[in-house]
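Written below as structure tokens is the structure these notes are about.
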Amino acid sequence: MRPITQSNKLRDVRYDVRGPILVEAERLEAEGHQVLKLNIGNPAPFGFEAPDVVVDGLRQHLREAEGYSDSRGILPAREAVAAYYTGRGLDMTPVDVFIGSGVSEMISLVLQALVDDGDEVLIPAPDYPLWTGAVTLTGGTPVHYACDESAGWSPDLADLESRITPRTKALVVINPNNPTGAVYPAETVRALADIARRHGLVLLSDEIYEKILFDGASHHHTATFAGDDVLCLTFSGLSKAYRVAGFRSGWVAITGPRQLATDFLEGLTLLANMRMCANVPAQYAIPAALGGDPSVVDELLLPGGRLLEQRDTAVRLLNEIPGVRTVAPQGALYCFPRLDPEVYAVDDDEKLVLELLREKHILVTHGTGFNWPDPDHFRLVMLPAVDVLEDAIGRIADFLETKRA
């Protein structure tokens with residue numbers, strides 16, 4: 001029998017957050033080693049429990065959730081999402097909302113419905129790598145525009161616009177950004193929307209971390225500046241702010257000139273129909289979360305709150321390591337520190353994090369796994385308690401001491 005190989009569509013698709021480094025971590029665990037996994041923003045294993053109102057919203061409707069739902073999502077969930085954005089000044093009804101099994105599923109469905117072979121999609125570098133992988137899987141071409149570390153990881157707007165060609169179909173915005181933690185000011189979000197307007201691009205705005213903000217940072221919805229004349233698809237969900245990543249409960253919300261996008265939206269509906277529906281019990285958590293007390297999120301981020309304290313600890317300890325500097329994240333759950341090339345002669349950052357894993361049993365993700373072009377960064381999840389972070393970053397410091405030139 002001839003070898004059975006993977007589809008050629010997967011040849012250039014990578015998702016290193018759960019790639020070879022995770023396989024090695026699992027091998028070490030099978031040998032009896034305890035590995036601290038700082039590679040994925042998964043709140044629950046670190047003691048971040050979901051608000052009771054969110055879990056109760058699911059529990060109370062289990063009997064109603066035994067069958068398939070409307071492929072777009074249950075009406076109460078779509079009404080809650082539409083009301084959430086309407087309350088922020090956006091024009092939206094439940095018809096404009098699709099519920100998915102997390103933002104990840106909706107990214108894949110939207111790109112399948114939108115992108116033809118050879119179409120180009122602008123994606124920030126660094127990025128959340130699902131965007132690059134999903135564009136590649138559709139037959140499209142991911143084109144990465146630079147974000148400027150020296151400017152707090154803001155997009156380099158001149159670089160972005162220089163990469164637009166007649167094949168460019170869409171512009172991806174990740175704000176707050178994963179992996180850098182950047183939160184874009186209003187003028188930057190407005191400029192991104194203006195670029196999309198000038199070049200007739202669809203805006204794809206990943207805003208899953210919109211409620212996780214530090215130091216008084218404000219989040220601005222891309223759709224606010226896209227207005228009525230730029231099609232904008234906003235992706236968000238409950239995984240991070242409401243600490244229910246395992247529920248797989250997310251959505252995409254559509255604003256702008258829908259009359260120009262009728263054919264695309266029919267395609268998106270077809271794909272939604274083909275997967276039947278998203279997880280129905282988890283959909284009932286959406287109205288419970290969005291209609292509940294916002295303090296269940298805020299209490300983690302206020303001075304003295306657990307997540308803020310952990311952010312401050314991680315930034316301080318990383319910046320105390322010789323040759324390591326990290327821009328303090330203004331949002332999200334990650335630090336993205338830089339290793340000074342004059343101090344650390346790294347030519348293969350995946351090899352570096354594998355060595356760290358084997359020697360110190362700390363699992364982080366290499367920067368090139370986020371489509372950053374140089375092997376001089378890594379991403380660290382700042383979800384562990386302060387004492388765990390102190391131990392983990394201490395082990396990273398000990399490891400890096402052996403790597404200094």
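Convention: chains lettered A, B, ... in structure tokens order; per-chain residue numbering from 1; ligands numbered from 1 as shown.
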Could you name the residues that touch Val135 in chain A at 12 Å or less, counting only C-alpha atoms, but leaving out those on the same chain fewer than 3 positions away, as a CSV table (one decimal) with C-alpha atoms, in the first residue's frame?
```
chain,number,residue,atom,x,y,z
A,9,LYS,CA,-3.0,22.4,1.1
A,10,LEU,CA,-1.3,21.9,4.4
A,12,ASP,CA,2.8,25.7,4.2
A,13,VAL,CA,0.4,25.8,7.1
A,14,ARG,CA,1.9,26.1,10.6
A,107,ILE,CA,-12.0,33.1,11.2
A,108,SER,CA,-11.8,29.9,9.2
A,109,LEU,CA,-15.4,30.2,7.9
A,110,VAL,CA,-15.1,33.9,6.9
A,111,LEU,CA,-11.8,33.3,5.0
A,112,GLN,CA,-13.2,30.3,3.2
A,113,ALA,CA,-16.2,32.4,2.1
A,114,LEU,CA,-14.1,35.4,1.2
A,115,VAL,CA,-10.7,34.4,-0.3
A,116,ASP,CA,-10.1,33.0,-3.8
A,117,ASP,CA,-6.8,31.4,-4.9
A,118,GLY,CA,-4.2,34.1,-5.2
A,119,ASP,CA,-6.0,36.7,-3.2
A,120,GLU,CA,-3.8,38.6,-0.8
A,121,VAL,CA,-4.7,39.3,2.8
A,122,LEU,CA,-2.7,41.8,4.9
A,123,ILE,CA,-1.8,40.5,8.3
A,129,PRO,CA,-0.7,32.5,13.6
A,130,LEU,CA,-4.2,31.1,12.9
A,131,TRP,CA,-4.8,34.1,10.6
A,132,THR,CA,-1.7,33.3,8.4
A,138,THR,CA,-7.9,28.8,1.5
A,139,GLY,CA,-5.4,29.2,-1.3
A,140,GLY,CA,-4.8,32.9,-0.5
A,141,THR,CA,-1.5,34.6,0.1
A,142,PRO,CA,-0.8,36.1,3.6
A,143,VAL,CA,1.1,39.4,3.3
A,144,HIS,CA,2.6,40.6,6.5
A,169,LYS,CA,-8.7,41.6,-0.7
A,170,ALA,CA,-8.7,42.2,3.1
A,171,LEU,CA,-6.9,43.8,6.0
A,172,VAL,CA,-6.6,42.0,9.3
```
Extract the full set of strand (DSSP E or B) residues from range 243-307 of chain A according to DSSP on the backbone, and format it as a ChimeraX atom specification. /A:250-255
Distance CA of Glu266 in chain A-CA of Phe98 in chain A, one decimal place?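 It comes out at 12.3 Å.
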Once you count only C-alpha atoms, what closest atom pair and distance in Å to one decimal does each residue of range 290-339 of chain A within 10 Å of range 34-47 of chain A have, with rows by chain and rising residue number, as a Markdown table?
```
| residue | atom | partner | partner_atom | distance |
| --- | --- | --- | --- | --- |
| A:Ala332 | CA | A:Gly41 | CA | 9.0 |
| A:Leu333 | CA | A:Gly41 | CA | 6.5 |
| A:Tyr334 | CA | A:Gly41 | CA | 7.8 |
```
Within 12 Å of Pro337 in chain A, counting only C-alpha atoms, which residues show up once you throw out same-chain ones fewer than 6 positions away? Write them as an NGL selection string, please. :A and (149 or 153 or 179-181 or 314-329 or 364-367 or 375-381 or 393 or 396)
Pick out the residues sitting within 9 Å of Met276 in chain A, and hand them over as a PyMOL selection string; count only C-alpha atoms, and ignore anything fewer than 5 positions along from it in its own chain. chain A and resi 68-72+271
Leaving out Tyr284 in chain A and any residue of its chain fewer than 5 positions from it, which residues lie within 10 Å of it when counting only C-alpha atoms, given as a list in words? Val54, Val55, Asp56, Gly57, Leu58, Arg59, Gln60, His61, Leu62, Glu64, Ala65, Gly73, Ile74, Leu75, Pro76, Ala77, Ser249, Asn279 and Ala289 of chain A
Write the residues of the selection above to a file with N, CA, C and O atoms, as a compact mmCIF listing (two decimals), in the first residue's frame.
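Result file follows (result-v9.txt):
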```txt
# COMPACT_ATOMS: atom_id res chain seq x y z
N VAL A 54 -22.18 33.37 34.13
CA VAL A 54 -21.93 32.80 32.81
C VAL A 54 -22.19 31.29 32.83
O VAL A 54 -22.86 30.74 31.95
N VAL A 55 -21.68 30.62 33.85
CA VAL A 55 -21.89 29.17 33.96
C VAL A 55 -23.37 28.87 34.19
O VAL A 55 -23.93 27.92 33.61
N ASP A 56 -24.02 29.69 35.01
CA ASP A 56 -25.45 29.47 35.27
C ASP A 56 -26.28 29.67 34.01
O ASP A 56 -27.28 28.97 33.80
N GLY A 57 -25.87 30.62 33.15
CA GLY A 57 -26.59 30.84 31.91
C GLY A 57 -26.59 29.61 31.04
O GLY A 57 -27.59 29.31 30.36
N LEU A 58 -25.49 28.88 31.04
CA LEU A 58 -25.42 27.61 30.30
C LEU A 58 -26.23 26.54 31.01
O LEU A 58 -27.06 25.86 30.39
N ARG A 59 -26.02 26.40 32.30
CA ARG A 59 -26.64 25.32 33.06
C ARG A 59 -28.18 25.39 32.99
O ARG A 59 -28.85 24.36 32.84
N GLN A 60 -28.72 26.56 33.09
CA GLN A 60 -30.17 26.72 33.16
C GLN A 60 -30.88 26.36 31.86
O GLN A 60 -32.10 26.15 31.85
N HIS A 61 -30.12 26.30 30.76
CA HIS A 61 -30.75 26.08 29.46
C HIS A 61 -30.33 24.76 28.81
O HIS A 61 -30.54 24.58 27.61
N LEU A 62 -29.77 23.87 29.60
CA LEU A 62 -29.28 22.63 29.00
C LEU A 62 -30.39 21.85 28.30
O LEU A 62 -30.17 21.28 27.22
N GLU A 64 -32.95 22.98 26.82
CA GLU A 64 -33.32 23.67 25.58
C GLU A 64 -32.23 23.54 24.52
O GLU A 64 -32.46 23.93 23.37
N ALA A 65 -31.08 23.03 24.92
CA ALA A 65 -29.92 23.01 24.03
C ALA A 65 -29.59 21.62 23.51
O ALA A 65 -28.49 21.38 23.04
N GLY A 73 -26.79 30.76 14.94
CA GLY A 73 -26.75 30.86 16.39
C GLY A 73 -28.15 31.09 16.96
O GLY A 73 -29.06 31.54 16.25
N ILE A 74 -28.32 30.78 18.23
CA ILE A 74 -29.62 31.00 18.86
C ILE A 74 -29.92 32.49 18.88
O ILE A 74 -29.03 33.33 19.00
N LEU A 75 -31.20 32.82 18.77
CA LEU A 75 -31.59 34.23 18.70
C LEU A 75 -31.19 35.01 19.95
O LEU A 75 -30.68 36.14 19.82
N PRO A 76 -31.36 34.50 21.18
CA PRO A 76 -30.95 35.30 22.34
C PRO A 76 -29.46 35.67 22.33
O PRO A 76 -29.10 36.77 22.76
N ALA A 77 -28.61 34.77 21.82
CA ALA A 77 -27.18 35.09 21.75
C ALA A 77 -26.93 36.17 20.71
O ALA A 77 -26.16 37.12 20.95
N SER A 249 -17.10 29.64 22.57
CA SER A 249 -18.25 30.50 22.35
C SER A 249 -17.78 31.86 21.85
O SER A 249 -17.31 32.70 22.62
N ASN A 279 -21.68 24.97 19.16
CA ASN A 279 -22.08 24.32 20.40
C ASN A 279 -23.25 25.07 21.03
O ASN A 279 -23.12 26.24 21.40
N ALA A 289 -23.41 36.54 29.84
CA ALA A 289 -22.18 37.30 30.00
C ALA A 289 -22.36 38.76 29.60
O ALA A 289 -22.03 39.68 30.36
```
Identify all residues of range 196-368 of chain A in alpha helix (DSSP H) (DSSP on the backbone) and supply them as a PyMOL selection string. chain A and resi 196-199+222-226+262-274+280-283+285-290+295-298+306-319+349-360
I need the residue nearest Ala182 in chain A from this list: A:Leu233, A:Cys277, A:Ala217, A:Ala80. Use only C-alpha atoms for the distance. A:Ala217
Might you pull out every residue within 9 Å of Lys211 in chain A, with only C-alpha atoms counted and same-chain residues fewer than 6 positions away left off, and present them as a ChimeraX atom specification? /A:176,219,240-241,297-298,331-332
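Between CA of Tyr128 in chain A and CA of Arg27 in chain A lies a distance of 25.5 Å.
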Shell around range 88-96 of chain A at 10 Å using only C-alpha atoms, local window under 2 positions removed, as an MDAnalysis selection string: chainID A and resid 72:86 98 220:221 223:225 227:228 233 252:256 258 265
Here CA of Gly87 in chain A and CA of Pro257 in chain A stand apart by 19.8 Å
Residue nearest Phe235 in chain A among A:Ala193, A:Tyr184, A:Ser104, A:Tyr344 (counting only C-alpha atoms): A:Ser104
